[in-house]
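Worksheet: one structure, shown below.
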Amino acid sequence: VVGTAGVVVTYLFNLFDGNFLLGNEGREFIEQPKWVKAGIVVAALIFLFNVSMTVLKGRKTAITNILLLGLWGLALLFLFAFVNPANLALDKMYWWYIVHLWVEGTWELVMASILAFLMLK
């Protein structure tokens, strides 16, 4: 709750503008401060570890394989958000990786596998 409130206040009042760690980067859809991006990566890794250990103990099905594929992509492809090159063409390339591969690719795999699991249950 404190982290979310800190992010909202930072966005609303444009606090820490220009600060490397606390300020936002101003990139569309990935304007989070570095500490928020690190929190997203940590949360994705915790979720990946939890699901991976659960799958290792249980049955291995196509649904769990798709879920693990999506979670690995979720954890790895967001690392492109930390790269902020000065070259505009490279910036747009990394932005494309995050928006299209991370959001539209891996999140759809995770969502589809969870929905498939629920439909079978």
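By order in the structure tokens, chains are A, B, ...; within a chain, residues start at 1; ligands start at 1, following the order shown.
Taking only C-alpha atoms, the non-local environment of Leu74 (chain A) within 9 Å (same-chain residues fewer than 6 positions away omitted) comprises Val41, Ala44, Leu45, Leu48, Trp102, Val103, Gly105, Thr106, Trp107 and Val110 of chain A.
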Write the residues of the preceding selection, restricted to all heavy atoms, as an mmCIF file, in the first residue's frame.
data_model
loop_
_atom_site.group_PDB
_atom_site.id
_atom_site.type_symbol
_atom_site.label_atom_id
_atom_site.label_comp_id
_atom_site.auth_asym_id
_atom_site.auth_seq_id
_atom_site.Cartn_x
_atom_site.Cartn_y
_atom_site.Cartn_z
ATOM 1 N N VAL A 41 9.935 -6.724 -11.274
ATOM 2 C CA VAL A 41 10.781 -7.886 -11.560
ATOM 3 C C VAL A 41 10.812 -8.831 -10.368
ATOM 4 O O VAL A 41 10.698 -10.057 -10.529
ATOM 5 C CB VAL A 41 12.206 -7.436 -11.958
ATOM 6 C CG1 VAL A 41 13.153 -8.614 -12.018
ATOM 7 C CG2 VAL A 41 12.177 -6.720 -13.291
ATOM 8 N N ALA A 44 7.505 -10.672 -10.164
ATOM 9 C CA ALA A 44 7.410 -11.684 -11.226
ATOM 10 C C ALA A 44 8.279 -12.891 -10.899
ATOM 11 O O ALA A 44 7.871 -14.042 -11.135
ATOM 12 C CB ALA A 44 7.813 -11.080 -12.569
ATOM 13 N N LEU A 45 9.471 -12.664 -10.349
ATOM 14 C CA LEU A 45 10.341 -13.785 -9.991
ATOM 15 C C LEU A 45 9.774 -14.596 -8.831
ATOM 16 O O LEU A 45 9.891 -15.834 -8.816
ATOM 17 C CB LEU A 45 11.743 -13.273 -9.653
ATOM 18 C CG LEU A 45 12.546 -12.759 -10.841
ATOM 19 C CD1 LEU A 45 13.877 -12.171 -10.366
ATOM 20 C CD2 LEU A 45 12.781 -13.859 -11.859
ATOM 21 N N LEU A 48 7.020 -16.634 -10.347
ATOM 22 C CA LEU A 48 7.615 -17.699 -11.154
ATOM 23 C C LEU A 48 8.151 -18.818 -10.278
ATOM 24 O O LEU A 48 7.933 -19.995 -10.556
ATOM 25 C CB LEU A 48 8.728 -17.127 -12.031
ATOM 26 C CG LEU A 48 9.550 -18.128 -12.829
ATOM 27 C CD1 LEU A 48 8.683 -18.841 -13.854
ATOM 28 C CD2 LEU A 48 10.714 -17.446 -13.504
ATOM 29 N N TRP A 102 6.091 -8.269 -24.223
ATOM 30 C CA TRP A 102 5.844 -8.515 -22.808
ATOM 31 C C TRP A 102 4.356 -8.447 -22.487
ATOM 32 O O TRP A 102 3.787 -9.387 -21.954
ATOM 33 C CB TRP A 102 6.613 -7.497 -21.961
ATOM 34 C CG TRP A 102 6.562 -7.762 -20.496
ATOM 35 C CD1 TRP A 102 7.157 -8.797 -19.840
ATOM 36 C CD2 TRP A 102 5.880 -6.985 -19.520
ATOM 37 N NE1 TRP A 102 6.893 -8.699 -18.496
ATOM 38 C CE2 TRP A 102 6.105 -7.598 -18.271
ATOM 39 C CE3 TRP A 102 5.111 -5.835 -19.559
ATOM 40 C CZ2 TRP A 102 5.591 -7.103 -17.098
ATOM 41 C CZ3 TRP A 102 4.607 -5.336 -18.385
ATOM 42 C CH2 TRP A 102 4.841 -5.963 -17.174
ATOM 43 N N VAL A 103 3.729 -7.345 -22.835
ATOM 44 C CA VAL A 103 2.323 -7.158 -22.461
ATOM 45 C C VAL A 103 1.406 -8.056 -23.287
ATOM 46 O O VAL A 103 0.585 -8.789 -22.752
ATOM 47 C CB VAL A 103 1.913 -5.673 -22.605
ATOM 48 C CG1 VAL A 103 0.438 -5.489 -22.368
ATOM 49 C CG2 VAL A 103 2.713 -4.817 -21.650
ATOM 50 N N GLY A 105 2.228 -10.544 -25.367
ATOM 51 C CA GLY A 105 2.660 -11.923 -25.559
ATOM 52 C C GLY A 105 2.595 -12.749 -24.289
ATOM 53 O O GLY A 105 1.807 -13.691 -24.169
ATOM 54 N N THR A 106 3.395 -12.380 -23.323
ATOM 55 C CA THR A 106 3.504 -13.227 -22.145
ATOM 56 C C THR A 106 2.274 -13.147 -21.253
ATOM 57 O O THR A 106 1.849 -14.158 -20.699
ATOM 58 C CB THR A 106 4.748 -12.858 -21.325
ATOM 59 O OG1 THR A 106 4.648 -11.511 -20.891
ATOM 60 C CG2 THR A 106 5.987 -13.021 -22.153
ATOM 61 N N TRP A 107 1.682 -11.955 -21.109
ATOM 62 C CA TRP A 107 0.503 -11.864 -20.257
ATOM 63 C C TRP A 107 -0.663 -12.648 -20.835
ATOM 64 O O TRP A 107 -1.496 -13.178 -20.099
ATOM 65 C CB TRP A 107 0.112 -10.411 -20.008
ATOM 66 C CG TRP A 107 0.944 -9.779 -18.936
ATOM 67 C CD1 TRP A 107 1.908 -8.858 -19.103
ATOM 68 C CD2 TRP A 107 0.903 -10.066 -17.535
ATOM 69 N NE1 TRP A 107 2.466 -8.532 -17.896
ATOM 70 C CE2 TRP A 107 1.862 -9.262 -16.910
ATOM 71 C CE3 TRP A 107 0.147 -10.929 -16.748
ATOM 72 C CZ2 TRP A 107 2.087 -9.284 -15.546
ATOM 73 C CZ3 TRP A 107 0.371 -10.946 -15.386
ATOM 74 C CH2 TRP A 107 1.331 -10.141 -14.799
ATOM 75 N N VAL A 110 -0.096 -16.298 -19.876
ATOM 76 C CA VAL A 110 -0.438 -16.516 -18.468
ATOM 77 C C VAL A 110 -1.955 -16.530 -18.285
ATOM 78 O O VAL A 110 -2.518 -17.431 -17.643
ATOM 79 C CB VAL A 110 0.225 -15.447 -17.576
ATOM 80 C CG1 VAL A 110 -0.277 -15.523 -16.151
ATOM 81 C CG2 VAL A 110 1.737 -15.589 -17.616
#
Self-check item: Which of region 12-100 of chain A DSSP labels alpha helix (DSSP H), written as a PyMOL selection string
Solution: chain A and resi 12-13+34-57+62-77+88-96
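With only C-alpha atoms as the atoms that count, the minimum distance from Trp96 (chain A) to the choices A:Leu68, A:Ala116, A:Ile30, A:Ile63 is reached by A:Ile30.
Here the question is which of A:Phe78, A:Trp95, A:Trp72, A:Tyr11 gets nearest to Ile40 (chain A) using only C-alpha atoms, and that residue is A:Phe78.
Note that the spacing between CA of Ala112 (chain A) and CA of Gly70 (chain A) amounts to 9.6 Å.
The closest residue to Leu88 (chain A), picked from A:Leu118, A:Arg27, A:Phe49, A:Phe13 and counting only C-alpha atoms, is A:Arg27.
With distances restricted to only C-alpha atoms, A:Leu77 is the closest residue to Glu104 (chain A) from A:Ala62, A:Leu77, A:Ala43, A:Met53.
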Quiz item: Given the choices A:Ala38, A:Val7, A:Ile114, A:Val51, which gets closest to Ala81 (chain A) if the distance is worked out from only C-alpha atoms?
Solution: A:Ala38
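Taking CA of Met93 (chain A) and CA of Trp35 (chain A) as endpoints, the distance between them is 22.5 Å.
The nearest approach to Gly26 (chain A) among the residues A:Val99, A:Val8, A:Glu108, A:Asn84, with only C-alpha atoms taken into account, belongs to A:Asn84.
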Quiz item: How far is it from CA of Ser113 (chain A) to CA of His100 (chain A), in Å with one decimal?
Solution: 18.8 Å
